[in-house]
Structures are given as C-alpha cells and as structure tokens.
>>> print(open('query.tsv').read())   # TSV, C-alpha atoms
chain	number	residue	atom	x	y	z
A	481	MET	CA	2.23	-47.59	47.42
A	482	SER	CA	1.25	-45.51	44.51
A	483	THR	CA	-1.26	-46.83	42.03
A	484	VAL	CA	-1.37	-43.74	39.85
A	485	THR	CA	-0.91	-44.56	36.20
A	486	VAL	CA	0.91	-41.94	34.23
A	487	SER	CA	-0.33	-41.50	30.71
A	488	LYS	CA	2.49	-41.35	28.22
A	489	LYS	CA	0.90	-38.67	26.06
A	490	ARG	CA	0.20	-35.53	28.06
A	491	SER	CA	-1.77	-32.78	26.37
A	492	ILE	CA	-0.61	-29.20	26.82
A	493	TRP	CA	-4.01	-28.57	28.41
A	494	ASP	CA	-3.31	-31.04	31.26
A	495	GLY	CA	-1.62	-28.41	33.37
A	496	GLY	CA	1.89	-27.44	34.30
A	497	VAL	CA	2.48	-25.38	31.16
A	498	SER	CA	0.96	-22.24	29.71
A	499	PRO	CA	-0.90	-23.38	26.57
A	500	LEU	CA	-1.50	-19.89	25.23
A	501	ASN	CA	2.14	-19.04	25.87
A	502	VAL	CA	1.40	-15.52	27.15
A	503	SER	CA	1.39	-14.09	30.65
A	504	TYR	CA	-1.88	-13.81	32.58
A	505	GLY	CA	-1.98	-10.02	32.16
A	506	LYS	CA	-1.51	-10.09	28.40
A	507	MET	CA	-4.09	-12.84	27.95
A	508	MET	CA	-6.64	-10.89	30.01
A	509	MET	CA	-5.90	-7.75	28.00
A	510	TRP	CA	-6.64	-9.75	24.83
A	511	PHE	CA	-9.98	-11.00	26.19
A	512	PHE	CA	-10.90	-7.55	27.47
A	513	LEU	CA	-10.20	-6.16	23.99
A	514	LEU	CA	-12.35	-8.91	22.45
A	515	SER	CA	-15.28	-7.90	24.68
A	516	ASP	CA	-14.63	-4.25	23.89
A	517	ALA	CA	-14.67	-5.13	20.19
A	518	PHE	CA	-18.17	-6.53	20.71
A	519	THR	CA	-19.26	-3.26	22.34
A	520	PHE	CA	-17.99	-1.21	19.42
A	521	SER	CA	-19.51	-3.67	16.95
A	522	GLY	CA	-22.84	-3.18	18.71
A	523	LEU	CA	-22.55	0.60	18.32
A	524	LEU	CA	-21.43	0.54	14.68
A	525	ILE	CA	-24.02	-2.06	13.66
A	526	THR	CA	-26.69	0.05	15.37
A	527	TYR	CA	-25.52	2.90	13.12
A	528	GLY	CA	-26.00	0.65	10.08
A	529	MET	CA	-29.39	-0.51	11.25
A	530	LEU	CA	-30.75	2.97	12.01
A	531	ARG	CA	-29.38	4.24	8.73
A	532	TYR	CA	-31.31	1.49	6.93
A	533	THR	CA	-34.51	2.54	8.69
A	534	HIS	CA	-34.23	6.02	7.10
A	535	PRO	CA	-34.54	6.97	3.44
A	536	ALA	CA	-31.27	7.63	1.59
A	537	TYR	CA	-30.70	10.82	-0.43
A	538	GLU	CA	-31.72	10.02	-4.01
A	539	GLY	CA	-30.93	13.17	-5.97
A	540	ASP	CA	-27.84	14.62	-7.63
A	541	HIS	CA	-24.73	14.33	-5.43
A	542	ASP	CA	-23.63	17.94	-6.08
A	543	LYS	CA	-27.03	19.44	-5.32
A	544	PHE	CA	-27.26	17.79	-1.89
A	545	THR	CA	-28.80	19.92	0.87
A	546	PHE	CA	-29.36	19.01	4.51
A	547	SER	CA	-32.86	17.83	5.43
A	548	THR	CA	-34.44	15.89	8.27
A	549	GLU	CA	-36.23	13.82	5.59
A	550	TYR	CA	-33.28	11.61	4.64
A	551	TRP	CA	-29.88	10.41	5.93
A	552	PRO	CA	-27.10	12.90	5.08
A	553	ILE	CA	-24.06	12.13	2.90
A	554	PRO	CA	-21.20	12.02	5.49
A	555	GLU	CA	-18.65	13.92	3.39
A	556	LYS	CA	-21.09	16.84	3.12
A	557	VAL	CA	-21.30	17.01	6.93
A	558	TYR	CA	-17.58	16.76	7.74
A	559	ALA	CA	-16.19	19.32	5.31
A	560	ALA	CA	-14.59	21.96	7.53
A	561	ILE	CA	-11.04	22.41	8.82
A	562	PRO	CA	-9.90	24.85	11.53
A	563	PHE	CA	-8.93	28.45	10.69
A	564	ILE	CA	-9.69	28.17	6.95
A	565	GLU	CA	-12.98	29.02	5.26
A	566	GLY	CA	-14.38	26.74	2.56
A	567	HIS	CA	-15.29	23.14	1.86
A	568	PHE	CA	-12.67	20.45	2.36
A	569	PRO	CA	-14.62	17.19	2.58
A	570	LEU	CA	-13.06	14.60	4.90
A	571	VAL	CA	-9.67	16.38	4.99
A	572	PHE	CA	-9.75	16.97	8.74
A	573	VAL	CA	-10.90	13.40	9.49
A	574	GLY	CA	-8.09	12.17	7.23
A	575	ILE	CA	-5.57	14.16	9.27
A	576	MET	CA	-6.99	12.69	12.49
A	577	THR	CA	-6.65	9.18	11.03
A	578	PHE	CA	-3.00	9.78	10.21
A	579	ILE	CA	-2.29	11.15	13.69
A	580	LEU	CA	-3.74	8.02	15.27
A	581	ILE	CA	-1.93	5.62	12.91
A	582	LEU	CA	1.38	7.39	13.59
A	583	SER	CA	0.84	7.26	17.34
A	584	SER	CA	0.22	3.53	16.95
A	585	VAL	CA	3.55	3.24	15.12
A	586	THR	CA	5.44	5.09	17.86
A	587	MET	CA	3.81	2.70	20.35
A	588	VAL	CA	5.18	-0.38	18.52
A	589	LEU	CA	8.58	1.29	18.49
A	590	ALA	CA	8.29	1.78	22.28
A	591	VAL	CA	7.46	-1.92	22.71
A	592	GLU	CA	10.39	-2.84	20.46
A	593	ALA	CA	12.72	-0.64	22.54
A	594	GLY	CA	11.37	-2.38	25.65
A	595	HIS	CA	12.50	-5.75	24.28
A	596	ARG	CA	16.02	-4.30	24.04
A	597	MET	CA	15.75	-2.91	27.62
A	598	ASP	CA	16.56	0.53	26.18
A	599	GLN	CA	14.95	2.84	28.73
A	600	LYS	CA	15.79	6.09	26.87
A	601	ASP	CA	14.18	4.84	23.64
A	602	VAL	CA	11.06	3.58	25.45
A	603	GLU	CA	10.70	7.02	27.08
A	604	LYS	CA	11.14	8.81	23.75
A	605	TRP	CA	8.59	6.71	21.84
A	606	MET	CA	6.05	6.66	24.70
A	607	LEU	CA	6.23	10.43	24.83
A	608	TRP	CA	5.53	10.67	21.07
A	609	THR	CA	2.60	8.28	21.54
A	610	ILE	CA	1.15	10.43	24.34
A	611	LEU	CA	1.57	13.56	22.19
A	612	GLY	CA	-0.20	11.83	19.29
A	613	GLY	CA	-3.08	10.88	21.57
A	614	ILE	CA	-3.42	14.43	22.88
A	615	ALA	CA	-3.29	15.81	19.32
A	616	PHE	CA	-6.06	13.43	18.27
A	617	LEU	CA	-8.22	14.42	21.24
A	618	SER	CA	-7.71	18.11	20.47
A	619	CYS	CA	-8.81	17.54	16.87
A	620	GLN	CA	-11.86	15.69	18.09
A	621	ALA	CA	-12.73	18.51	20.51
A	622	TRP	CA	-12.65	20.96	17.60
A	623	GLU	CA	-14.73	18.64	15.42
A	624	TRP	CA	-17.37	18.22	18.16
A	625	SER	CA	-17.48	21.96	18.76
A	626	HIS	CA	-17.96	22.63	15.03
A	627	PHE	CA	-20.61	19.91	14.78
A	628	ILE	CA	-22.54	21.28	17.78
A	629	HIS	CA	-22.41	24.93	16.70
A	630	GLY	CA	-23.19	24.22	13.06
A	631	GLU	CA	-23.12	26.47	10.03
A	632	ALA	CA	-25.48	29.30	9.07
A	633	PRO	CA	-28.29	29.43	8.10
A	634	GLY	CA	-29.21	25.98	9.45
A	635	THR	CA	-31.97	23.67	8.28
A	636	LEU	CA	-35.77	23.78	8.35
A	637	MET	CA	-37.11	21.48	11.09
A	638	PRO	CA	-40.39	19.50	10.79
A	639	ASP	CA	-42.05	22.01	13.20
A	640	GLY	CA	-41.33	24.88	10.78
A	641	THR	CA	-38.46	26.54	12.68
A	642	MET	CA	-34.87	26.92	11.49
A	643	PHE	CA	-32.25	25.08	13.54
A	644	MET	CA	-28.46	25.42	13.44
A	645	GLY	CA	-25.95	22.91	14.84
A	646	ALA	CA	-26.76	19.74	16.72
A	647	ASN	CA	-27.89	18.36	20.06
A	648	LEU	CA	-29.41	15.02	21.09
A	649	ILE	CA	-32.94	16.10	20.13
A	650	GLN	CA	-32.49	17.77	16.76
A	651	ASN	CA	-29.72	18.68	14.32
A	652	GLN	CA	-29.25	20.58	11.08
A	653	TYR	CA	-27.64	17.66	9.21
A	654	GLY	CA	-30.39	15.06	9.11
A	655	PRO	CA	-32.68	12.87	11.21
A	656	PRO	CA	-32.18	13.17	15.03
A	657	ALA	CA	-30.60	9.68	15.15
A	658	PHE	CA	-27.72	10.90	12.96
A	659	ALA	CA	-26.33	13.32	15.55
A	660	ASP	CA	-27.13	10.93	18.41
A	661	LEU	CA	-25.02	8.23	16.78
A	662	PHE	CA	-22.23	10.73	16.07
A	663	PHE	CA	-22.09	11.70	19.75
A	664	PHE	CA	-22.29	8.13	21.03
A	665	ILE	CA	-19.85	6.45	18.66
A	666	THR	CA	-17.14	9.09	18.32
A	667	GLY	CA	-17.67	9.98	21.99
A	668	PHE	CA	-17.20	6.40	23.16
A	669	HIS	CA	-14.12	6.09	20.98
A	670	GLY	CA	-12.78	9.44	22.18
A	671	PHE	CA	-13.25	8.30	25.77
A	672	HIS	CA	-11.16	5.23	24.96
A	673	VAL	CA	-8.44	7.45	23.52
A	674	PHE	CA	-8.60	9.60	26.66
A	675	SER	CA	-8.28	6.52	28.90
A	676	GLY	CA	-5.41	5.32	26.73
A	677	VAL	CA	-3.57	8.63	27.11
A	678	ILE	CA	-3.99	8.44	30.92
A	679	LEU	CA	-2.71	4.83	30.98
A	680	ASN	CA	0.21	5.77	28.72
A	681	ILE	CA	1.13	8.66	31.04
A	682	LEU	CA	1.06	6.32	34.07
A	683	ILE	CA	3.28	3.77	32.33
A	684	PHE	CA	5.57	6.52	31.01
A	685	TYR	CA	6.01	7.73	34.60
A	686	GLN	CA	6.95	4.19	35.72
A	687	VAL	CA	9.37	3.80	32.82
A	688	ALA	CA	10.97	7.19	33.49
A	689	THR	CA	11.43	6.45	37.21
A	690	GLY	CA	13.11	3.15	36.33
A	691	VAL	CA	10.41	0.85	37.79
A	692	MET	CA	10.31	-1.31	34.64
A	693	HIS	CA	14.09	-1.49	34.39
A	694	ARG	CA	14.38	-2.75	37.98
A	695	ARG	CA	11.61	-5.26	37.28
A	696	GLY	CA	13.70	-6.65	34.44
A	697	HIS	CA	11.12	-6.41	31.66
A	698	TYR	CA	8.85	-3.89	29.93
A	699	GLU	CA	5.74	-6.03	29.67
A	700	MET	CA	3.46	-3.29	30.98
A	701	VAL	CA	4.43	-1.26	27.89
A	702	GLU	CA	3.27	-4.19	25.74
A	703	LYS	CA	-0.07	-4.35	27.59
A	704	VAL	CA	-0.90	-0.66	27.21
A	705	GLY	CA	0.43	-1.03	23.68
A	706	LEU	CA	-2.23	-3.67	22.94
A	707	TYR	CA	-4.90	-1.32	24.27
A	708	TRP	CA	-3.54	1.60	22.25
A	709	HIS	CA	-3.47	-0.40	18.99
A	710	PHE	CA	-7.03	-1.49	19.66
A	711	VAL	CA	-8.10	2.16	19.89
A	712	ASP	CA	-6.45	2.72	16.50
A	713	LEU	CA	-8.15	-0.41	15.14
A	714	VAL	CA	-11.58	0.86	16.21
A	715	TRP	CA	-10.89	4.19	14.53
A	716	VAL	CA	-10.12	2.37	11.26
A	717	PHE	CA	-13.65	0.95	11.39
A	718	VAL	CA	-15.27	4.22	12.54
A	719	PHE	CA	-13.48	6.06	9.71
A	720	THR	CA	-14.90	3.67	7.11
A	721	PHE	CA	-18.42	3.15	8.40
A	722	PHE	CA	-19.10	6.61	9.77
A	723	TYR	CA	-17.21	8.94	7.44
A	724	LEU	CA	-16.61	7.14	4.13
A	725	VAL	CA	-19.60	4.89	3.42
M	1361	MET	CA	8.72	-9.01	14.62
M	1362	ALA	CA	11.75	-10.92	13.44
M	1363	HIS	CA	12.67	-14.02	15.39
M	1364	SER	CA	15.51	-15.34	13.29
M	1365	GLU	CA	18.23	-16.95	15.38
M	1366	ASN	CA	21.06	-16.31	12.95
M	1367	LEU	CA	20.89	-12.56	13.40
M	1368	THR	CA	22.88	-10.52	15.89
M	1369	PRO	CA	20.71	-8.40	18.26
M	1370	GLU	CA	21.64	-5.32	16.24
M	1371	GLN	CA	20.51	-6.92	12.94
M	1372	ALA	CA	17.32	-8.25	14.54
M	1373	HIS	CA	16.56	-4.76	15.85
M	1374	LYS	CA	17.10	-3.25	12.38
M	1375	ALA	CA	14.90	-5.92	10.74
M	1376	THR	CA	12.10	-5.35	13.26
M	1377	VAL	CA	12.14	-1.57	12.85
M	1378	LYS	CA	12.17	-1.97	9.07
M	1379	ARG	CA	9.12	-4.25	9.28
M	1380	ILE	CA	7.29	-1.68	11.46
M	1381	TRP	CA	7.86	1.07	8.89
M	1382	THR	CA	6.81	-1.23	6.03
M	1383	VAL	CA	3.50	-1.88	7.79
M	1384	THR	CA	3.17	1.87	8.43
M	1385	ALA	CA	3.62	2.53	4.71
M	1386	ILE	CA	0.94	-0.06	3.88
M	1387	LEU	CA	-1.54	1.46	6.35
M	1388	ALA	CA	-0.85	5.01	5.16
M	1389	GLY	CA	-1.07	3.94	1.50
M	1390	ILE	CA	-4.45	2.25	1.94
M	1391	THR	CA	-5.81	5.28	3.81
M	1392	ILE	CA	-4.69	7.59	0.99
M	1393	ILE	CA	-6.33	5.31	-1.61
M	1394	GLU	CA	-9.56	5.26	0.42
M	1395	PHE	CA	-9.49	9.04	0.66
M	1396	ALA	CA	-8.95	9.36	-3.10
M	1397	LEU	CA	-11.70	6.87	-3.95
M	1398	ALA	CA	-14.15	8.88	-1.83
M	1399	PHE	CA	-13.89	11.56	-4.55
M	1400	LEU	CA	-12.97	9.61	-7.68
M	1401	MET	CA	-15.70	6.98	-7.53
M	1402	ASN	CA	-19.43	7.52	-7.48
M	1403	PRO	CA	-21.18	6.49	-4.27
M	1404	GLY	CA	-22.66	3.03	-4.49
M	1405	MET	CA	-22.37	-0.62	-3.64
M	1406	ALA	CA	-19.09	-1.13	-5.55
M	1407	ARG	CA	-17.32	1.72	-3.75
M	1408	ASN	CA	-18.61	0.58	-0.37
M	1409	MET	CA	-17.38	-2.97	-0.96
M	1410	ILE	CA	-13.90	-1.63	-1.80
M	1411	PHE	CA	-13.94	0.43	1.42
M	1412	VAL	CA	-14.95	-2.61	3.49
M	1413	ILE	CA	-12.25	-4.82	1.95
M	1414	MET	CA	-9.58	-2.15	2.50
M	1415	THR	CA	-10.73	-1.71	6.10
M	1416	PHE	CA	-10.26	-5.41	6.74
M	1417	ILE	CA	-6.79	-5.35	5.17
M	1418	LYS	CA	-5.85	-2.48	7.52
M	1419	ALA	CA	-7.39	-4.31	10.49
M	1420	PHE	CA	-5.38	-7.42	9.60
M	1421	TYR	CA	-2.07	-5.52	9.58
M	1422	ILE	CA	-2.82	-3.72	12.87
M	1423	VAL	CA	-3.85	-6.90	14.69
M	1424	ALA	CA	-1.28	-9.24	13.12
M	1425	GLU	CA	1.79	-7.01	13.17
M	1426	PHE	CA	1.28	-4.12	15.61
M	1427	MET	CA	-0.58	-6.21	18.17
M	1428	HIS	CA	1.76	-9.09	17.37
M	1429	LEU	CA	-1.06	-11.67	17.21
M	1430	ARG	CA	0.48	-13.32	14.15
M	1431	HIS	CA	3.44	-14.45	16.24
M	1432	GLU	CA	1.39	-15.88	19.13
M	1433	VAL	CA	0.45	-19.58	19.41
M	1434	LYS	CA	-2.46	-20.88	17.32
M	1435	ALA	CA	-4.70	-21.46	20.35
M	1436	LEU	CA	-4.56	-17.77	21.28
M	1437	ILE	CA	-5.04	-16.61	17.67
M	1438	TRP	CA	-8.19	-18.67	17.26
M	1439	SER	CA	-9.65	-17.84	20.66
M	1440	ILE	CA	-9.52	-14.17	19.65
M	1441	VAL	CA	-10.52	-14.48	15.99
M	1442	LEU	CA	-13.29	-17.11	16.12
M	1443	PRO	CA	-15.65	-15.26	18.54
M	1444	CYS	CA	-15.68	-12.37	16.04
M	1445	ALA	CA	-17.92	-14.59	13.88
M	1446	PHE	CA	-20.75	-13.44	16.16
M	1447	VAL	CA	-20.23	-9.93	14.82
M	1448	VAL	CA	-20.80	-11.14	11.26
M	1449	TRP	CA	-24.08	-12.68	12.37
M	1450	LEU	CA	-25.13	-9.44	14.11
M	1451	VAL	CA	-24.36	-7.38	10.99
M	1452	ILE	CA	-26.54	-9.59	8.78
M	1453	ALA	CA	-29.34	-9.80	11.37
M	1454	LEU	CA	-29.60	-6.11	12.21
M	1455	LEU	CA	-29.13	-4.70	8.70
M	1456	THR	CA	-31.97	-6.94	7.53
M	1457	GLU	CA	-34.12	-5.85	10.49
M	1458	GLY	CA	-33.27	-2.23	9.67
M	1459	SER	CA	-34.68	-2.39	6.17
M	1460	PHE	CA	-37.80	-4.21	7.49
M	1461	ILE	CA	-38.70	-1.36	9.86
M	1462	PHE	CA	-38.01	1.30	7.22
M	1463	MET	CA	-39.75	4.55	8.19
M	1464	LYS	CA	-41.29	6.93	5.74
>>> encode(input="query.tsv", output="structure tokens")
Amino acid sequence: MSTVTVSKKRSIWDGGVSPLNVSYGKMMMWFFLLSDAFTFSGLLITYGMLRYTHPAYEGDHDKFTFSTEYWPIPEKVYAAIPFIEGHFPLVFVGIMTFILILSSVTMVLAVEAGHRMDQKDVEKWMLWTILGGIAFLSCQAWEWSHFIHGEAPGTLMPDGTMFMGANLIQNQYGPPAFADLFFFITGFHGFHVFSGVILNILIFYQVATGVMHRRGHYEMVEKVGLYWHFVDLVWVFVFTFFYLV
Amino acid sequence: MAHSENLTPEQAHKATVKRIWTVTAILAGITIIEFALAFLMNPGMARNMIFVIMTFIKAFYIVAEFMHLRHEVKALIWSIVLPCAFVVWLVIALLTEGSFIFMK
C-alpha cells in the first residue's frame, strides 16, 4: 500500500521537466561562455588597473610623442593601414570591427536557415561566416606584424638606446606593460577567433555532408553560433577599452 | 526572432530576417558614431562615459538578439546576467587599487 502523499502544487524545479527550457548542450555552452566572460573581464580590468598605475599623457593632443614615461594615446599607436603610407587613426581597427560584426550577422542567418531545415542556406551563410573569421585573423596578423616591427626612428629607452617596434620586454609606444597587454588581450581574443573558425569548419563539414539533416535539427549550428557571437561580443569590449578609451 | 503564431512560415522567415538586419544596422550605426566621436570630441571623462554606454547598448543587442537570450526563459536569463555583477565589483576594486599603487 502506498503512503506517498502527492503535493498538489509541483514546482518546475521538482524534476521531470527542463526548467531552463534549453537542451543540455546549449545550457553548458551558455555557462562556458559566462566563465569565459570572467576570463576576458579579468584581462581587460587588468589593462585598466595597470593603466591607472602609470602616468597619463598631459600635454597637447596633437604634439603627442611616444615615451616610456607615460601611457600612450591608443589612436596614435594604431594609425596605419596596409599598403598605404600615412596616418589613419583607428581606420584599420574599425574595418576589423565591421568584418567581425558582419560575420556575426551571417552566423545568425545560418542559425535562422537551420530552423527552416534549409541545408543550402545554412551552408552558404556558414561559409560566409568562416570567410569573415579568416579575414579578421588575417587583419590581426598584419596588425601584430606592424606592431612588432614598429616605425622608424623608434623611441629613446630608459637605458639611453633607441628601440623600434615591440616585444614583451620593451616597446617604442610606451611602458613595457602596454605591449604586454596588447599581446595578451588581442592574442587571447585572436585565439578564440581561431578556435571559432576551426569549430565552424567542422560544423560546416557536417552540414555539407548532410549529418545535421539526417539528425533532424541544426542545433549544433546554434551552439557554435553562440560561441561565435560571444567572440564578437568580446571584440566590442576590446574595441572600446583598448582602442577608443 | 519572431514567434507569432498567426504568420505563415514564409512571413515568419521574412520577419526574422528583417529583424536581423535591423539589429545589424543598429550595431553598425553605433560603431560609426563611436568612430566619429573619437575624432570630434576631446579625450576626457565625458567621451569615455559615452563610449562605455554605447558599448553596453551594443552588448545588449548582441546578447539579446543574436544570441537569442531575450527569448529564453527568465531563469536562464538571470542565471547568465546576475553573475556578471561580480565583474562590476572587480572593476571598482582593481581600478581603485591601480590608482593607489601609482608609479612615478
């Protein structure tokens, strides 16, 4: 004989249903992204903290010159674009931002096509997303190369020598921490973009060979989509706090 | 994305795609304004505050629309958004520390 009393009001947390109303994989992707957001916050806040430990440039904005004495003005550092001589502050970074936003848009369109079970459209938009990611990485490779090689004649170091370009120990743009943070933050973000491109290629391969269509849904596209949008989201913050402020 | 039941699949598809491009226009527009302000306004606290606010507007649109969080259940929304309060604490704590250990 059963003596179990059944409560009339069952909470959605009592079991039997999915309270968050998403699949296990999507929920775990969300919590992974939350932890990844903490990692990037740590890096960007470290940038803010180290910047506050250094003097800011006080003089006239137009007469700014690089010195290891104070933190540089970002737009004076990132003022070059490929193949053209001259100063174009932030133009190249702006182009990179647009590339990443557009690749995020093509990703949503791929997810949307997945909801309609339209394999051809998913393939098309995933391919555009992958191309956008590769374009962004190429831009970043050029930017790193330019940053490392520097511009003549370089800057006077505290030990009395002239130094051109940047490495982890010294750089021509400002205090050593400036280049270190550039390498760590944009490098960590670039590595995320690289991982995202690899994941997108894997999923594209599965879509193109019809794996998703046989499975009956395109949820894997949504999961890599979440990751890809997160990479774009991080860039929005890097763009503001590293290049604009 | 649109979840209206009165629409045919074709109309729902059109509405969703239209929404995606609207959000794209908003994100692109804000980025252009930020880029312009970098040259039109003098550096300072006011300009930085505008940049921070615009960044959060962009972040909202990416998370809410592109990542679809807006259309998830409340429990999921809050379990993602609330832990981010720790970040606010870390910003205040470390920026204050930073100015305390100012090097000259």
>>> residues_around(input="query.tsv", residues="range 1397-1411 of chain M", least_positions_apart="3", cutoff="6 Å", atoms="all atoms listed in the file", output="ChimeraX atom specification")
/A:725 /M:1394,1414
>>> closest_atom_pairs(input="query.tsv", of="chain M", to="chain A", cutoff="6 Å", atoms="only C-alpha atoms", output="JSON lines")
{"residue": "M:Asn1408", "atom": "CA", "partner": "A:Val725", "partner_atom": "CA", "distance": 5.8}
{"residue": "M:Met1427", "atom": "CA", "partner": "A:Leu706", "partner_atom": "CA", "distance": 5.7}
{"residue": "M:Leu1436", "atom": "CA", "partner": "A:Leu500", "partner_atom": "CA", "distance": 5.4}
{"residue": "M:Val1451", "atom": "CA", "partner": "A:Ile525", "partner_atom": "CA", "distance": 6.0}
{"residue": "M:Leu1454", "atom": "CA", "partner": "A:Met529", "partner_atom": "CA", "distance": 5.7}
{"residue": "M:Leu1455", "atom": "CA", "partner": "A:Met529", "partner_atom": "CA", "distance": 4.9}
{"residue": "M:Gly1458", "atom": "CA", "partner": "A:Met529", "partner_atom": "CA", "distance": 4.5}
{"residue": "M:Ser1459", "atom": "CA", "partner": "A:Tyr532", "partner_atom": "CA", "distance": 5.2}
{"residue": "M:Ile1461", "atom": "CA", "partner": "A:Thr533", "partner_atom": "CA", "distance": 5.8}
{"residue": "M:Phe1462", "atom": "CA", "partner": "A:Thr533", "partner_atom": "CA", "distance": 4.0}
{"residue": "M:Met1463", "atom": "CA", "partner": "A:Thr533", "partner_atom": "CA", "distance": 5.6}
>>> atom_distance(input="query.tsv", atom1="CA of Val1383 in chain M", atom2="CA of Val1423 in chain M")
11.3 Å
>>> closest_residue(input="query.tsv", among="A:Ala688, A:Asp598, A:Phe658, A:Met576", to="Ala621 in chain A", atoms="all atoms listed in the file")
A:Met576
>>> residues_around(input="query.tsv", residues="Ala632 in chain A", least_positions_apart="6", cutoff="12 Å", atoms="only C-alpha atoms", output="number ranges by chain")
A: 546, 626, 642-645, 652-653
>>> residues_around(input="query.tsv", residues="Arg1379 in chain M", least_positions_apart="5", cutoff="12 Å", atoms="all atoms listed in the file", output="list in words")
Val585, Val588, Leu589 and Glu592 of chain A; Met1361, Ala1362, Ala1372, His1373, Lys1374, Thr1384, Ala1385, Ile1386, Tyr1421, Glu1425, Phe1426 and His1428 of chain M
>>> write_last_selection(input="query.tsv", atoms="C-alpha atoms", output="short mmCIF file (atom, residue, chain, number, x, y, z; two decimals), in the coordinates of the input")
data_model
loop_
_atom_site.label_atom_id
_atom_site.label_comp_id
_atom_site.auth_asym_id
_atom_site.auth_seq_id
_atom_site.Cartn_x
_atom_site.Cartn_y
_atom_site.Cartn_z
CA VAL A 585 3.55 3.24 15.12
CA VAL A 588 5.18 -0.38 18.52
CA LEU A 589 8.58 1.29 18.49
CA GLU A 592 10.39 -2.84 20.46
CA MET M 1361 8.72 -9.01 14.62
CA ALA M 1362 11.75 -10.92 13.44
CA ALA M 1372 17.32 -8.25 14.54
CA HIS M 1373 16.56 -4.76 15.85
CA LYS M 1374 17.10 -3.25 12.38
CA THR M 1384 3.17 1.87 8.43
CA ALA M 1385 3.62 2.53 4.71
CA ILE M 1386 0.94 -0.06 3.88
CA TYR M 1421 -2.07 -5.52 9.58
CA GLU M 1425 1.79 -7.01 13.17
CA PHE M 1426 1.28 -4.12 15.61
CA HIS M 1428 1.76 -9.09 17.37
#
>>> axis_aligned_box(input="query.tsv", around="range 1414-1419 of chain M", padding_each_side="5 Å", output="AutoDock Vina command-line options")
--center_x -8.3 --center_y -3.6 --center_z 6.5 --size_x 14.9 --size_y 13.7 --size_z 18.0
>>> decode(input="query.tsv", residues="range 669-686 of chain A", atoms="N, CA and C atoms", output="PDB file, in the first residue's frame")
ATOM      1  N   HIS A 669      42.058  36.935 -27.566  1.00  0.00           N
ATOM      2  CA  HIS A 669      40.855  37.061 -28.383  1.00  0.00           C
ATOM      3  C   HIS A 669      41.067  36.429 -29.752  1.00  0.00           C
ATOM      4  N   GLY A 670      42.229  36.692 -30.359  1.00  0.00           N
ATOM      5  CA  GLY A 670      42.518  36.116 -31.671  1.00  0.00           C
ATOM      6  C   GLY A 670      42.519  34.598 -31.624  1.00  0.00           C
ATOM      7  N   PHE A 671      42.999  34.036 -30.520  1.00  0.00           N
ATOM      8  CA  PHE A 671      42.984  32.583 -30.383  1.00  0.00           C
ATOM      9  C   PHE A 671      41.546  32.060 -30.305  1.00  0.00           C
ATOM     10  N   HIS A 672      40.668  32.839 -29.664  1.00  0.00           N
ATOM     11  CA  HIS A 672      39.254  32.464 -29.646  1.00  0.00           C
ATOM     12  C   HIS A 672      38.665  32.495 -31.055  1.00  0.00           C
ATOM     13  N   VAL A 673      39.027  33.530 -31.815  1.00  0.00           N
ATOM     14  CA  VAL A 673      38.514  33.608 -33.190  1.00  0.00           C
ATOM     15  C   VAL A 673      39.016  32.396 -33.978  1.00  0.00           C
ATOM     16  N   PHE A 674      40.300  32.076 -33.799  1.00  0.00           N
ATOM     17  CA  PHE A 674      40.888  30.934 -34.497  1.00  0.00           C
ATOM     18  C   PHE A 674      40.137  29.641 -34.143  1.00  0.00           C
ATOM     19  N   SER A 675      39.908  29.420 -32.833  1.00  0.00           N
ATOM     20  CA  SER A 675      39.153  28.233 -32.417  1.00  0.00           C
ATOM     21  C   SER A 675      37.761  28.244 -33.027  1.00  0.00           C
ATOM     22  N   GLY A 676      37.152  29.433 -33.059  1.00  0.00           N
ATOM     23  CA  GLY A 676      35.807  29.546 -33.625  1.00  0.00           C
ATOM     24  C   GLY A 676      35.790  29.167 -35.098  1.00  0.00           C
ATOM     25  N   VAL A 677      36.818  29.611 -35.849  1.00  0.00           N
ATOM     26  CA  VAL A 677      36.882  29.278 -37.275  1.00  0.00           C
ATOM     27  C   VAL A 677      37.007  27.758 -37.438  1.00  0.00           C
ATOM     28  N   ILE A 678      37.851  27.125 -36.608  1.00  0.00           N
ATOM     29  CA  ILE A 678      38.019  25.668 -36.687  1.00  0.00           C
ATOM     30  C   ILE A 678      36.685  24.963 -36.395  1.00  0.00           C
ATOM     31  N   LEU A 679      36.004  25.397 -35.319  1.00  0.00           N
ATOM     32  CA  LEU A 679      34.709  24.793 -34.969  1.00  0.00           C
ATOM     33  C   LEU A 679      33.703  24.994 -36.104  1.00  0.00           C
ATOM     34  N   ASN A 680      33.688  26.218 -36.670  1.00  0.00           N
ATOM     35  CA  ASN A 680      32.754  26.497 -37.761  1.00  0.00           C
ATOM     36  C   ASN A 680      33.034  25.597 -38.964  1.00  0.00           C
ATOM     37  N   ILE A 681      34.332  25.359 -39.250  1.00  0.00           N
ATOM     38  CA  ILE A 681      34.675  24.498 -40.385  1.00  0.00           C
ATOM     39  C   ILE A 681      34.184  23.064 -40.118  1.00  0.00           C
ATOM     40  N   LEU A 682      34.373  22.584 -38.877  1.00  0.00           N
ATOM     41  CA  LEU A 682      33.914  21.231 -38.540  1.00  0.00           C
ATOM     42  C   LEU A 682      32.402  21.104 -38.729  1.00  0.00           C
ATOM     43  N   ILE A 683      31.667  22.116 -38.211  1.00  0.00           N
ATOM     44  CA  ILE A 683      30.210  22.054 -38.312  1.00  0.00           C
ATOM     45  C   ILE A 683      29.770  22.216 -39.764  1.00  0.00           C
ATOM     46  N   PHE A 684      30.476  23.091 -40.495  1.00  0.00           N
ATOM     47  CA  PHE A 684      30.157  23.259 -41.922  1.00  0.00           C
ATOM     48  C   PHE A 684      30.301  21.921 -42.654  1.00  0.00           C
ATOM     49  N   TYR A 685      31.367  21.187 -42.330  1.00  0.00           N
ATOM     50  CA  TYR A 685      31.594  19.878 -42.961  1.00  0.00           C
ATOM     51  C   TYR A 685      30.423  18.937 -42.663  1.00  0.00           C
ATOM     52  N   GLN A 686      29.962  18.942 -41.384  1.00  0.00           N
ATOM     53  CA  GLN A 686      28.842  18.068 -41.017  1.00  0.00           C
ATOM     54  C   GLN A 686      27.553  18.490 -41.706  1.00  0.00           C
TER      55      GLN A 686
END
